[in-house]
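Trainee: Below you'll find run14.cif; it's mmCIF, C-alpha atoms, pLDDT in the B column; chains and numbers go by the auth columns.
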data_run
loop_
_atom_site.group_PDB
_atom_site.id
_atom_site.type_symbol
_atom_site.label_atom_id
_atom_site.label_comp_id
_atom_site.label_asym_id
_atom_site.label_seq_id
_atom_site.Cartn_x
_atom_site.Cartn_y
_atom_site.Cartn_z
_atom_site.B_iso_or_equiv
_atom_site.auth_seq_id
_atom_site.auth_asym_id
ATOM 1 C CA MET A 1 -9.075 -10.037 -12.963 95.00 6 A
ATOM 2 C CA ASN A 2 -8.202 -7.747 -10.058 98.00 7 A
ATOM 3 C CA VAL A 3 -5.459 -8.821 -7.666 98.00 8 A
ATOM 4 C CA ALA A 4 -4.336 -7.050 -4.499 98.00 9 A
ATOM 5 C CA LEU A 5 -0.615 -7.222 -3.746 98.00 10 A
ATOM 6 C CA ILE A 6 -0.133 -6.490 -0.060 96.00 11 A
ATOM 7 C CA PHE A 7 3.503 -5.965 0.842 91.00 12 A
ATOM 8 C CA ALA A 8 4.390 -6.392 4.488 86.00 13 A
ATOM 9 C CA GLY A 9 8.110 -7.000 4.540 68.00 14 A
ATOM 10 C CA GLY A 10 9.172 -4.116 6.794 58.00 15 A
ATOM 11 C CA THR A 11 10.546 -4.453 10.301 53.00 16 A
ATOM 12 C CA GLY A 12 9.152 -1.186 11.653 49.00 17 A
ATOM 13 C CA THR A 13 12.289 0.632 12.821 50.00 18 A
ATOM 14 C CA ARG A 14 10.388 3.910 13.205 51.00 19 A
ATOM 15 C CA MET A 15 7.775 2.181 15.368 51.00 20 A
ATOM 16 C CA ASN A 16 10.457 1.135 17.899 54.00 21 A
ATOM 17 C CA THR A 17 8.963 -2.335 18.171 52.00 22 A
ATOM 18 C CA LYS A 18 11.780 -4.679 19.161 59.00 23 A
ATOM 19 C CA ALA A 19 9.953 -8.015 18.925 72.00 24 A
ATOM 20 C CA VAL A 20 6.917 -7.558 16.694 80.00 25 A
ATOM 21 C CA PRO A 21 6.996 -5.986 13.196 85.00 26 A
ATOM 22 C CA LYS A 22 4.571 -3.088 12.884 85.00 27 A
ATOM 23 C CA GLN A 23 2.227 -4.951 10.527 90.00 28 A
ATOM 24 C CA PHE A 24 1.640 -7.563 13.252 90.00 29 A
ATOM 25 C CA LEU A 25 0.967 -5.152 16.109 90.00 30 A
ATOM 26 C CA MET A 26 -2.333 -5.968 17.773 90.00 31 A
ATOM 27 C CA LEU A 27 -5.311 -3.630 18.142 89.00 32 A
ATOM 28 C CA TYR A 28 -8.230 -5.053 20.078 90.00 33 A
ATOM 29 C CA GLY A 29 -6.926 -8.562 19.569 89.00 34 A
ATOM 30 C CA LYS A 30 -6.494 -8.279 15.801 93.00 35 A
ATOM 31 C CA PRO A 31 -3.197 -7.734 13.957 94.00 36 A
ATOM 32 C CA LEU A 32 -2.846 -4.536 11.974 93.00 37 A
ATOM 33 C CA ILE A 33 -2.339 -6.353 8.674 95.00 38 A
ATOM 34 C CA ILE A 34 -5.645 -8.178 9.060 96.00 39 A
ATOM 35 C CA TYR A 35 -7.473 -4.841 9.193 95.00 40 A
ATOM 36 C CA THR A 36 -5.822 -4.105 5.836 96.00 41 A
ATOM 37 C CA LEU A 37 -6.503 -7.510 4.308 97.00 42 A
ATOM 38 C CA GLU A 38 -10.161 -7.402 5.303 97.00 43 A
ATOM 39 C CA LYS A 39 -10.700 -4.333 3.111 96.00 44 A
ATOM 40 C CA PHE A 40 -9.680 -6.317 0.029 98.00 45 A
ATOM 41 C CA GLU A 41 -11.198 -9.604 1.170 97.00 46 A
ATOM 42 C CA ASN A 42 -14.597 -7.943 1.543 97.00 47 A
ATOM 43 C CA HIS A 43 -14.478 -5.981 -1.720 98.00 48 A
ATOM 44 C CA PRO A 44 -16.585 -7.727 -4.383 97.00 49 A
ATOM 45 C CA GLU A 45 -14.283 -6.772 -7.269 97.00 50 A
ATOM 46 C CA ILE A 46 -11.102 -8.244 -5.774 98.00 51 A
ATOM 47 C CA ASP A 47 -10.492 -11.724 -7.167 97.00 52 A
ATOM 48 C CA GLY A 48 -7.305 -12.615 -5.333 97.00 53 A
ATOM 49 C CA ILE A 49 -4.726 -11.447 -2.811 98.00 54 A
ATOM 50 C CA VAL A 50 -0.973 -12.064 -2.730 98.00 55 A
ATOM 51 C CA ILE A 51 1.000 -11.158 0.394 96.00 56 A
ATOM 52 C CA SER A 52 4.714 -10.381 0.390 95.00 57 A
ATOM 53 C CA CYS A 53 5.703 -10.994 3.995 93.00 58 A
ATOM 54 C CA LEU A 54 8.736 -11.197 6.260 91.00 59 A
ATOM 55 C CA ASP A 55 10.036 -14.717 5.730 90.00 60 A
ATOM 56 C CA ALA A 56 10.119 -15.614 9.425 90.00 61 A
ATOM 57 C CA TRP A 57 6.521 -14.483 9.863 92.00 62 A
ATOM 58 C CA ILE A 58 4.978 -16.417 6.951 94.00 63 A
ATOM 59 C CA PRO A 59 3.778 -19.318 9.184 94.00 64 A
ATOM 60 C CA GLN A 60 2.081 -16.831 11.532 93.00 65 A
ATOM 61 C CA MET A 61 0.615 -14.939 8.566 94.00 66 A
ATOM 62 C CA LYS A 62 -0.956 -18.175 7.313 95.00 67 A
ATOM 63 C CA LYS A 63 -2.460 -18.806 10.756 95.00 68 A
ATOM 64 C CA TYR A 64 -3.906 -15.295 10.886 96.00 69 A
ATOM 65 C CA CYS A 65 -5.452 -15.656 7.418 95.00 70 A
ATOM 66 C CA GLU A 66 -7.119 -18.878 8.491 95.00 71 A
ATOM 67 C CA LYS A 67 -8.290 -17.488 11.836 95.00 72 A
ATOM 68 C CA TYR A 68 -9.809 -14.352 10.328 95.00 73 A
ATOM 69 C CA GLU A 69 -11.166 -16.113 7.225 95.00 74 A
ATOM 70 C CA ILE A 70 -9.119 -14.237 4.630 96.00 75 A
ATOM 71 C CA THR A 71 -10.069 -16.651 1.867 96.00 76 A
ATOM 72 C CA LYS A 72 -8.911 -14.745 -1.222 98.00 77 A
ATOM 73 C CA VAL A 73 -5.201 -15.185 -0.467 97.00 78 A
ATOM 74 C CA ARG A 74 -3.606 -17.082 -3.345 97.00 79 A
ATOM 75 C CA SER A 75 -0.024 -17.073 -2.070 95.00 80 A
ATOM 76 C CA ILE A 76 2.236 -15.685 0.650 96.00 81 A
ATOM 77 C CA VAL A 77 5.800 -15.072 -0.524 95.00 82 A
ATOM 78 C CA PRO A 78 8.952 -13.916 1.289 93.00 83 A
ATOM 79 C CA GLY A 79 9.554 -10.186 1.171 89.00 84 A
ATOM 80 C CA GLY A 80 12.826 -8.550 0.220 87.00 85 A
ATOM 81 C CA SER A 81 15.319 -6.162 1.747 85.00 86 A
ATOM 82 C CA THR A 82 13.400 -3.166 0.334 88.00 87 A
ATOM 83 C CA GLY A 83 9.802 -2.379 -0.487 88.00 88 A
ATOM 84 C CA GLN A 84 10.701 -2.488 -4.168 89.00 89 A
ATOM 85 C CA GLU A 85 12.095 -6.003 -3.834 90.00 90 A
ATOM 86 C CA SER A 86 9.128 -7.167 -1.749 91.00 91 A
ATOM 87 C CA ILE A 87 6.742 -5.924 -4.420 93.00 92 A
ATOM 88 C CA TYR A 88 8.705 -7.697 -7.154 93.00 93 A
ATOM 89 C CA HIS A 89 8.528 -10.997 -5.270 94.00 94 A
ATOM 90 C CA GLY A 90 4.766 -10.589 -5.065 95.00 95 A
ATOM 91 C CA LEU A 91 4.487 -9.671 -8.737 96.00 96 A
ATOM 92 C CA LYS A 92 6.381 -12.805 -9.742 95.00 97 A
ATOM 93 C CA SER A 93 3.869 -14.904 -7.838 96.00 98 A
ATOM 94 C CA ILE A 94 0.942 -13.060 -9.431 97.00 99 A
ATOM 95 C CA SER A 95 2.469 -13.561 -12.887 95.00 100 A
ATOM 96 C CA SER A 96 2.447 -17.313 -12.337 95.00 101 A
ATOM 97 C CA MET A 97 -1.322 -17.237 -11.809 96.00 102 A
ATOM 98 C CA TYR A 98 -2.758 -14.344 -13.825 95.00 103 A
ATOM 99 C CA SER A 99 -2.425 -12.873 -17.314 94.00 104 A
ATOM 100 C CA ASP A 100 -0.580 -9.664 -18.183 95.00 105 A
ATOM 101 C CA ASP A 101 -3.817 -7.694 -18.466 94.00 106 A
ATOM 102 C CA ALA A 102 -4.778 -8.335 -14.836 96.00 107 A
ATOM 103 C CA VAL A 103 -5.130 -5.237 -12.652 98.00 108 A
ATOM 104 C CA VAL A 104 -2.719 -5.279 -9.717 98.00 109 A
ATOM 105 C CA LEU A 105 -3.502 -3.071 -6.721 98.00 110 A
ATOM 106 C CA ILE A 106 -0.241 -2.534 -4.829 97.00 111 A
ATOM 107 C CA HIS A 107 -0.945 -1.642 -1.220 96.00 112 A
ATOM 108 C CA ASP A 108 0.986 -1.265 2.039 93.00 113 A
ATOM 109 C CA GLY A 109 0.159 -3.844 4.680 93.00 114 A
ATOM 110 C CA VAL A 110 0.247 -1.006 7.223 93.00 115 A
ATOM 111 C CA ARG A 111 -2.317 1.153 5.467 94.00 116 A
ATOM 112 C CA PRO A 112 -5.517 -0.310 6.969 94.00 117 A
ATOM 113 C CA LEU A 113 -7.910 2.608 6.476 94.00 118 A
ATOM 114 C CA VAL A 114 -8.365 2.339 2.722 95.00 119 A
ATOM 115 C CA ASP A 115 -12.066 2.532 1.895 94.00 120 A
ATOM 116 C CA PRO A 116 -14.081 0.465 -0.607 96.00 121 A
ATOM 117 C CA ASP A 117 -14.827 3.458 -2.869 96.00 122 A
ATOM 118 C CA THR A 118 -11.102 4.114 -3.343 96.00 123 A
ATOM 119 C CA ILE A 119 -10.523 0.485 -4.350 97.00 124 A
ATOM 120 C CA THR A 120 -13.421 0.660 -6.804 97.00 125 A
ATOM 121 C CA SER A 121 -12.191 3.942 -8.306 96.00 126 A
ATOM 122 C CA ALA A 122 -8.661 2.577 -8.670 97.00 127 A
ATOM 123 C CA ILE A 123 -9.899 -0.443 -10.618 97.00 128 A
ATOM 124 C CA GLU A 124 -12.147 1.670 -12.837 96.00 129 A
ATOM 125 C CA LYS A 125 -9.409 4.205 -13.622 96.00 130 A
ATOM 126 C CA THR A 126 -6.896 1.463 -14.407 97.00 131 A
ATOM 127 C CA ASN A 127 -9.296 -0.203 -16.802 96.00 132 A
ATOM 128 C CA GLU A 128 -9.913 3.185 -18.432 95.00 133 A
ATOM 129 C CA LYS A 129 -6.419 4.721 -18.467 95.00 134 A
ATOM 130 C CA GLY A 130 -4.006 1.883 -17.753 95.00 135 A
ATOM 131 C CA ASN A 131 -3.070 2.818 -14.186 96.00 136 A
ATOM 132 C CA ALA A 132 -4.272 4.682 -11.115 96.00 137 A
ATOM 133 C CA VAL A 133 -2.314 6.316 -8.293 95.00 138 A
ATOM 134 C CA THR A 134 -4.270 7.213 -5.168 94.00 139 A
ATOM 135 C CA VAL A 135 -3.572 10.754 -3.946 92.00 140 A
ATOM 136 C CA THR A 136 -4.855 13.297 -1.451 86.00 141 A
ATOM 137 C CA PRO A 137 -4.459 17.087 -1.656 82.00 142 A
ATOM 138 C CA ALA A 138 -1.547 18.611 0.271 77.00 143 A
ATOM 139 C CA ILE A 139 -2.846 20.484 3.316 75.00 144 A
ATOM 140 C CA GLU A 140 0.440 21.893 4.653 72.00 145 A
ATOM 141 C CA THR A 141 2.734 24.570 3.243 72.00 146 A
ATOM 142 C CA ILE A 142 5.664 22.964 1.405 72.00 147 A
ATOM 143 C CA PHE A 143 9.168 24.453 1.375 72.00 148 A
ATOM 144 C CA LEU A 144 12.115 23.490 -0.805 70.00 149 A
ATOM 145 C CA ASP A 145 15.292 23.505 1.288 67.00 150 A
ATOM 146 C CA ASN A 146 18.092 25.321 -0.516 66.00 151 A
ATOM 147 C CA GLU A 147 20.667 23.484 1.659 63.00 152 A
ATOM 148 C CA ALA A 148 22.320 26.719 2.806 64.00 153 A
ATOM 149 C CA ASP A 149 22.389 27.183 6.587 68.00 154 A
ATOM 150 C CA GLY A 150 18.845 25.857 6.897 67.00 155 A
ATOM 151 C CA GLU A 151 17.426 28.814 4.987 71.00 156 A
ATOM 152 C CA VAL A 152 13.997 28.295 3.447 72.00 157 A
ATOM 153 C CA GLY A 153 14.112 27.931 -0.312 69.00 158 A
ATOM 154 C CA ARG A 154 11.221 28.170 -2.733 72.00 159 A
ATOM 155 C CA ILE A 155 7.692 27.901 -1.323 71.00 160 A
ATOM 156 C CA ILE A 156 5.497 25.591 -3.379 71.00 161 A
ATOM 157 C CA ASP A 157 1.844 26.412 -3.993 66.00 162 A
ATOM 158 C CA ARG A 158 0.159 23.558 -2.144 67.00 163 A
ATOM 159 C CA LYS A 159 -2.835 23.757 -4.478 68.00 164 A
ATOM 160 C CA LYS A 160 -0.539 22.236 -7.082 67.00 165 A
ATOM 161 C CA CYS A 161 0.727 19.470 -4.763 75.00 166 A
ATOM 162 C CA LEU A 162 -0.679 16.011 -4.158 78.00 167 A
ATOM 163 C CA MET A 163 0.310 13.446 -1.544 80.00 168 A
ATOM 164 C CA ALA A 164 0.788 9.909 -2.854 82.00 169 A
ATOM 165 C CA ARG A 165 -1.217 7.234 -1.082 87.00 170 A
ATOM 166 C CA ALA A 166 -2.175 3.652 -1.884 92.00 171 A
ATOM 167 C CA PRO A 167 -3.337 1.580 -3.599 96.00 172 A
ATOM 168 C CA GLN A 168 -1.240 2.200 -6.694 95.00 173 A
ATOM 169 C CA CYS A 169 -2.700 0.189 -9.540 97.00 174 A
ATOM 170 C CA PHE A 170 -1.208 -1.034 -12.806 97.00 175 A
ATOM 171 C CA LYS A 171 -1.641 -3.655 -15.469 97.00 176 A
ATOM 172 C CA LEU A 172 0.429 -6.666 -14.455 97.00 177 A
ATOM 173 C CA GLY A 173 2.466 -6.858 -17.665 95.00 178 A
ATOM 174 C CA GLU A 174 3.486 -3.200 -17.515 95.00 179 A
ATOM 175 C CA ILE A 175 4.528 -3.115 -13.864 96.00 180 A
ATOM 176 C CA MET A 176 6.465 -6.380 -14.283 95.00 181 A
ATOM 177 C CA GLU A 177 8.282 -4.947 -17.283 94.00 182 A
ATOM 178 C CA ALA A 178 9.279 -1.871 -15.258 94.00 183 A
ATOM 179 C CA HIS A 179 10.604 -3.989 -12.396 94.00 184 A
ATOM 180 C CA GLN A 180 12.611 -6.179 -14.744 94.00 185 A
ATOM 181 C CA LYS A 181 14.110 -3.082 -16.362 93.00 186 A
ATOM 182 C CA ALA A 182 15.056 -1.739 -12.937 93.00 187 A
ATOM 183 C CA ILE A 183 16.741 -5.038 -12.111 92.00 188 A
ATOM 184 C CA SER A 184 18.664 -5.001 -15.397 93.00 189 A
ATOM 185 C CA GLU A 185 19.907 -1.496 -14.540 92.00 190 A
ATOM 186 C CA ASN A 186 20.689 -2.456 -10.936 91.00 191 A
ATOM 187 C CA ARG A 187 18.210 0.145 -9.718 92.00 192 A
ATOM 188 C CA ASN A 188 16.852 -0.525 -6.254 87.00 193 A
ATOM 189 C CA ASP A 189 16.196 3.052 -5.180 87.00 194 A
ATOM 190 C CA PHE A 190 12.614 3.712 -6.252 90.00 195 A
ATOM 191 C CA ILE A 191 10.500 5.008 -3.389 89.00 196 A
ATOM 192 C CA ASP A 192 7.308 3.503 -4.793 90.00 197 A
ATOM 193 C CA SER A 193 5.815 1.875 -7.884 92.00 198 A
ATOM 194 C CA ALA A 194 4.503 5.160 -9.279 91.00 199 A
ATOM 195 C CA SER A 195 8.022 6.647 -9.236 91.00 200 A
ATOM 196 C CA MET A 196 9.348 3.633 -11.099 91.00 201 A
ATOM 197 C CA MET A 197 6.635 3.747 -13.750 93.00 202 A
ATOM 198 C CA LYS A 198 7.135 7.493 -14.244 92.00 203 A
ATOM 199 C CA GLU A 199 10.897 6.995 -14.610 91.00 204 A
ATOM 200 C CA TYR A 200 10.327 4.473 -17.391 93.00 205 A
ATOM 201 C CA GLY A 201 8.066 6.702 -19.434 91.00 206 A
ATOM 202 C CA HIS A 202 4.549 5.853 -18.360 94.00 207 A
ATOM 203 C CA LYS A 203 1.905 8.547 -18.050 94.00 208 A
ATOM 204 C CA LEU A 204 0.309 8.263 -14.624 95.00 209 A
ATOM 205 C CA PHE A 205 -3.287 9.003 -13.711 95.00 210 A
ATOM 206 C CA THR A 206 -4.689 9.811 -10.293 92.00 211 A
ATOM 207 C CA ILE A 207 -7.740 9.136 -8.202 95.00 212 A
ATOM 208 C CA GLU A 208 -8.491 11.035 -5.005 92.00 213 A
ATOM 209 C CA GLY A 209 -8.572 8.976 -1.837 91.00 214 A
ATOM 210 C CA LYS A 210 -9.490 9.898 1.697 90.00 215 A
ATOM 211 C CA ALA A 211 -7.084 11.745 3.974 86.00 216 A
ATOM 212 C CA GLU A 212 -7.528 9.169 6.735 88.00 217 A
ATOM 213 C CA ASN A 213 -5.863 6.500 4.578 92.00 218 A
ATOM 214 C CA ILE A 214 -2.599 6.929 6.480 88.00 219 A
ATOM 215 C CA LYS A 215 0.410 4.629 6.641 91.00 220 A
ATOM 216 C CA ILE A 216 1.110 3.336 10.151 92.00 221 A
ATOM 217 C CA THR A 217 4.846 3.893 10.579 88.00 222 A
ATOM 218 C CA THR A 218 5.203 5.636 13.961 89.00 223 A
ATOM 219 C CA PRO A 219 3.537 5.291 17.381 90.00 224 A
ATOM 220 C CA ILE A 220 1.558 8.475 16.689 92.00 225 A
ATOM 221 C CA ASP A 221 0.147 6.905 13.518 91.00 226 A
ATOM 222 C CA PHE A 222 -0.909 3.859 15.521 91.00 227 A
ATOM 223 C CA TYR A 223 -2.706 6.013 18.104 91.00 228 A
ATOM 224 C CA LEU A 224 -4.474 7.911 15.300 91.00 229 A
ATOM 225 C CA PHE A 225 -5.578 4.620 13.794 90.00 230 A
ATOM 226 C CA ARG A 226 -6.933 3.457 17.148 92.00 231 A
ATOM 227 C CA ALA A 227 -8.780 6.748 17.620 92.00 232 A
ATOM 228 C CA ILE A 228 -10.426 6.420 14.194 91.00 233 A
ATOM 229 C CA ILE A 229 -11.474 2.833 14.931 89.00 234 A
ATOM 230 C CA ASP A 230 -12.876 3.925 18.307 89.00 235 A
ATOM 231 C CA ALA A 231 -14.778 6.806 16.717 87.00 236 A
ATOM 232 C CA ARG A 232 -16.356 4.485 14.169 81.00 237 A
ATOM 233 C CA GLU A 233 -17.368 2.013 16.859 75.00 238 A
ATOM 234 C CA ASN A 234 -18.890 4.786 18.967 73.00 239 A
ATOM 235 C CA SER A 235 -20.847 6.143 16.010 67.00 240 A
ATOM 236 C CA GLN A 236 -22.395 2.723 15.490 61.00 241 A
ATOM 237 C CA ILE A 237 -23.224 2.288 19.154 57.00 242 A
ATOM 238 C CA PHE A 238 -24.763 5.722 19.624 54.00 243 A
ATOM 239 C CA GLY A 239 -26.132 6.213 16.127 54.00 244 A
ATOM 240 C CA LEU A 240 -24.095 9.369 15.481 50.00 245 A
#
Kindly present the structure from the file in structure tokens form.
Mentor:
Amino acid sequence: MNVALIFAGGTGTRMNTKAVPKQFLMLYGKPLIIYTLEKFENHPEIDGIVISCLDAWIPQMKKYCEKYEITKVRSIVPGGSTGQESIYHGLKSISSMYSDDAVVLIHDGVRPLVDPDTITSAIEKTNEKGNAVTVTPAIETIFLDNEADGEVGRIIDRKKCLMARAPQCFKLGEIMEAHQKAISENRNDFIDSASMMKEYGHKLFTIEGKAENIKITTPIDFYLFRAIIDARENSQIFGL
């Protein structure tokens, strides 16, 4: 079984949205998170979806799922104070419905440009190797700051660097075990699931996703997303 865990517990401080969390911002009458959910709803290999959502927005999330016919949602649970905690809440819900060998695709609610081929590759790699972390090649020069008067430190060869994206996919039993270990150690500082799994001794395997699979965290990201959507619509209209 393949289950998508969509975490959407953030409040969007970098988006400067005072009333509406970033995942519920509207583009052409549709909330951002629905664009994300549709990618998993429409993928034939996804058996279920669990959403970890801001508690106060759960009633609205349910209404959106009904309106836009997101039928694979099995539960909507309250998010936590961090992404790590939000993911754990979702994993607990998944564990109540699926076995430990289920494939869990952990994905940001504000990453709506994931493509079907990436989802397919993530599932295949996880079944083959035990996990799959979506990455894209680094396209910028990367410096290490030596913390001395702003002087540039070591320059990293970008050919050796990869940018982490989503989904990040794991077997349910293994990712739950890592979260429970983190809780027992009072660790709540992991930046993502891949970092946690690496910390606890798991070998991680990658798949290459598309560069456009960006996370919408700032107004510029939102405008880029809109431009990509517009470009796709225009290509359909004009046959480009």
Trainee: With the PyMOL selection byres ((chain A and resi 216) around 10) as the selection, what would be picked from this file? Answer as a PyMOL selection string, please.
Mentor: chain A and resi 118-119+140-144+168+170+213-215+217-219
Trainee: Which residue is closest to Leu229 (chain A)? Choose from A:Pro117, A:Ser91, A:Ser80, A:Asn136 and count only C-alpha atoms.
Mentor: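 Under the stated criterion, the closest residue is A:Pro117.
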Trainee: Provide the CA of Cys70 (chain A) to CA of Ser101 (chain A) distance in Å, to one decimal place.
Mentor: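 Calculated distance between CA of Cys70 (chain A) and CA of Ser101 (chain A) is 21.3 Å.
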Trainee: Please list, as a VMD selection string, the residues that have an atom at most 8 Å away from (0.1, -8.0, 6.4) in the coordinates of this file, counting only C-alpha atoms.
Mentor: chain A and resid 11 to 13 28 to 29 37 to 39 41 to 42 56 to 58 66 114 to 115
Trainee: Run through the PyMOL selection byres ((chain A and resi 82) around 12) on the given coordinates and return the selected residues as a PDB file with C-alpha atoms, keeping the file's coordinate frame.
Mentor:
ATOM      1  CA  LEU A  10      -0.615  -7.222  -3.746  1.00 98.00           C
ATOM      2  CA  ILE A  11      -0.133  -6.490  -0.060  1.00 96.00           C
ATOM      3  CA  PHE A  12       3.503  -5.965   0.842  1.00 91.00           C
ATOM      4  CA  ALA A  13       4.390  -6.392   4.488  1.00 86.00           C
ATOM      5  CA  GLY A  14       8.110  -7.000   4.540  1.00 68.00           C
ATOM      6  CA  ILE A  54      -4.726 -11.447  -2.811  1.00 98.00           C
ATOM      7  CA  VAL A  55      -0.973 -12.064  -2.730  1.00 98.00           C
ATOM      8  CA  ILE A  56       1.000 -11.158   0.394  1.00 96.00           C
ATOM      9  CA  SER A  57       4.714 -10.381   0.390  1.00 95.00           C
ATOM     10  CA  CYS A  58       5.703 -10.994   3.995  1.00 93.00           C
ATOM     11  CA  LEU A  59       8.736 -11.197   6.260  1.00 91.00           C
ATOM     12  CA  ASP A  60      10.036 -14.717   5.730  1.00 90.00           C
ATOM     13  CA  ALA A  61      10.119 -15.614   9.425  1.00 90.00           C
ATOM     14  CA  TRP A  62       6.521 -14.483   9.863  1.00 92.00           C
ATOM     15  CA  ILE A  63       4.978 -16.417   6.951  1.00 94.00           C
ATOM     16  CA  PRO A  64       3.778 -19.318   9.184  1.00 94.00           C
ATOM     17  CA  MET A  66       0.615 -14.939   8.566  1.00 94.00           C
ATOM     18  CA  LYS A  67      -0.956 -18.175   7.313  1.00 95.00           C
ATOM     19  CA  VAL A  78      -5.201 -15.185  -0.467  1.00 97.00           C
ATOM     20  CA  ARG A  79      -3.606 -17.082  -3.345  1.00 97.00           C
ATOM     21  CA  SER A  80      -0.024 -17.073  -2.070  1.00 95.00           C
ATOM     22  CA  ILE A  81       2.236 -15.685   0.650  1.00 96.00           C
ATOM     23  CA  PRO A  83       8.952 -13.916   1.289  1.00 93.00           C
ATOM     24  CA  GLY A  84       9.554 -10.186   1.171  1.00 89.00           C
ATOM     25  CA  GLY A  85      12.826  -8.550   0.220  1.00 87.00           C
ATOM     26  CA  GLU A  90      12.095  -6.003  -3.834  1.00 90.00           C
ATOM     27  CA  SER A  91       9.128  -7.167  -1.749  1.00 91.00           C
ATOM     28  CA  ILE A  92       6.742  -5.924  -4.420  1.00 93.00           C
ATOM     29  CA  TYR A  93       8.705  -7.697  -7.154  1.00 93.00           C
ATOM     30  CA  HIS A  94       8.528 -10.997  -5.270  1.00 94.00           C
ATOM     31  CA  GLY A  95       4.766 -10.589  -5.065  1.00 95.00           C
ATOM     32  CA  LEU A  96       4.487  -9.671  -8.737  1.00 96.00           C
ATOM     33  CA  LYS A  97       6.381 -12.805  -9.742  1.00 95.00           C
ATOM     34  CA  SER A  98       3.869 -14.904  -7.838  1.00 96.00           C
ATOM     35  CA  ILE A  99       0.942 -13.060  -9.431  1.00 97.00           C
TER      36      ILE A  99
END
Trainee: Rank A:Ala232, A:Ile75, A:Leu110, A:Leu149 by their smallest atom-to-atom distance to Pro172 (chain A), using only C-alpha atoms, and report the top residue only.
Mentor: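 For Pro172 (chain A), the nearest of the candidates is A:Leu110.
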Trainee: Just checking: using only C-alpha atoms, which residue out of A:Ile51, A:Ile160, A:Val138, A:Leu167 ends up closest to Phe210 (chain A)?
Mentor: A:Val138
Trainee: Apply the PyMOL selection byres ((chain A and resi 133) around 12) to the structure shown and report the selected residues as a list in words.
Mentor: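 Selected by the PyMOL selection byres ((chain A and resi 133) around 12) in this file: Val108, Ser126, Ala127, Ile128, Glu129, Lys130, Thr131, Asn132, Lys134, Gly135, Asn136, Ala137, Cys174, Phe175, Lys176, Phe210 and Thr211 of chain A.
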Trainee: What does the file look like for those residues with C-alpha atoms, as an mmCIF file, keeping the file's coordinate frame?
Mentor:
data_model
loop_
_atom_site.group_PDB
_atom_site.id
_atom_site.type_symbol
_atom_site.label_atom_id
_atom_site.label_comp_id
_atom_site.auth_asym_id
_atom_site.auth_seq_id
_atom_site.Cartn_x
_atom_site.Cartn_y
_atom_site.Cartn_z
ATOM 1 C CA VAL A 108 -5.130 -5.237 -12.652
ATOM 2 C CA SER A 126 -12.191 3.942 -8.306
ATOM 3 C CA ALA A 127 -8.661 2.577 -8.670
ATOM 4 C CA ILE A 128 -9.899 -0.443 -10.618
ATOM 5 C CA GLU A 129 -12.147 1.670 -12.837
ATOM 6 C CA LYS A 130 -9.409 4.205 -13.622
ATOM 7 C CA THR A 131 -6.896 1.463 -14.407
ATOM 8 C CA ASN A 132 -9.296 -0.203 -16.802
ATOM 9 C CA LYS A 134 -6.419 4.721 -18.467
ATOM 10 C CA GLY A 135 -4.006 1.883 -17.753
ATOM 11 C CA ASN A 136 -3.070 2.818 -14.186
ATOM 12 C CA ALA A 137 -4.272 4.682 -11.115
ATOM 13 C CA CYS A 174 -2.700 0.189 -9.540
ATOM 14 C CA PHE A 175 -1.208 -1.034 -12.806
ATOM 15 C CA LYS A 176 -1.641 -3.655 -15.469
ATOM 16 C CA PHE A 210 -3.287 9.003 -13.711
ATOM 17 C CA THR A 211 -4.689 9.811 -10.293
#
Trainee: In Å, how far is it from CA of Ile180 (chain A) to CA of Pro121 (chain A)?
Mentor: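 The value is 23.1 Å.
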Trainee: Rounded to one decimal place, report the CA of Asp52 (chain A)-CA of His112 (chain A) distance in Å.
Mentor: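 Atom-to-atom, CA of Asp52 (chain A) and CA of His112 (chain A) are spaced 15.1 Å apart.
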Trainee: Could you rebuild region 92-100 of chain A with N, CA and C atoms and give me the result as a JSON list (two decimals), keeping the file's coordinate frame?
Mentor:
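Everything below was put into result-v3.json:
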[["chain", "number", "residue", "atom", "x", "y", "z"],
["A", 92, "ILE", "N", 7.78, -6.02, -3.40],
["A", 92, "ILE", "CA", 6.74, -5.92, -4.42],
["A", 92, "ILE", "C", 7.06, -6.83, -5.61],
["A", 93, "TYR", "N", 8.32, -6.85, -6.02],
["A", 93, "TYR", "CA", 8.70, -7.70, -7.15],
["A", 93, "TYR", "C", 8.47, -9.17, -6.85],
["A", 94, "HIS", "N", 8.78, -9.60, -5.64],
["A", 94, "HIS", "CA", 8.53, -11.00, -5.27],
["A", 94, "HIS", "C", 7.04, -11.32, -5.39],
["A", 95, "GLY", "N", 6.21, -10.38, -4.94],
["A", 95, "GLY", "CA", 4.77, -10.59, -5.07],
["A", 95, "GLY", "C", 4.30, -10.62, -6.51],
["A", 96, "LEU", "N", 4.86, -9.73, -7.32],
["A", 96, "LEU", "CA", 4.49, -9.67, -8.74],
["A", 96, "LEU", "C", 4.85, -10.96, -9.46],
["A", 97, "LYS", "N", 6.00, -11.55, -9.11],
["A", 97, "LYS", "CA", 6.38, -12.80, -9.74],
["A", 97, "LYS", "C", 5.36, -13.90, -9.44],
["A", 98, "SER", "N", 4.88, -13.92, -8.21],
["A", 98, "SER", "CA", 3.87, -14.90, -7.84],
["A", 98, "SER", "C", 2.56, -14.66, -8.60],
["A", 99, "ILE", "N", 2.17, -13.40, -8.70],
["A", 99, "ILE", "CA", 0.94, -13.06, -9.43],
["A", 99, "ILE", "C", 1.07, -13.46, -10.89],
["A", 100, "SER", "N", 2.25, -13.23, -11.47],
["A", 100, "SER", "CA", 2.47, -13.56, -12.89],
["A", 100, "SER", "C", 2.33, -15.05, -13.17]]
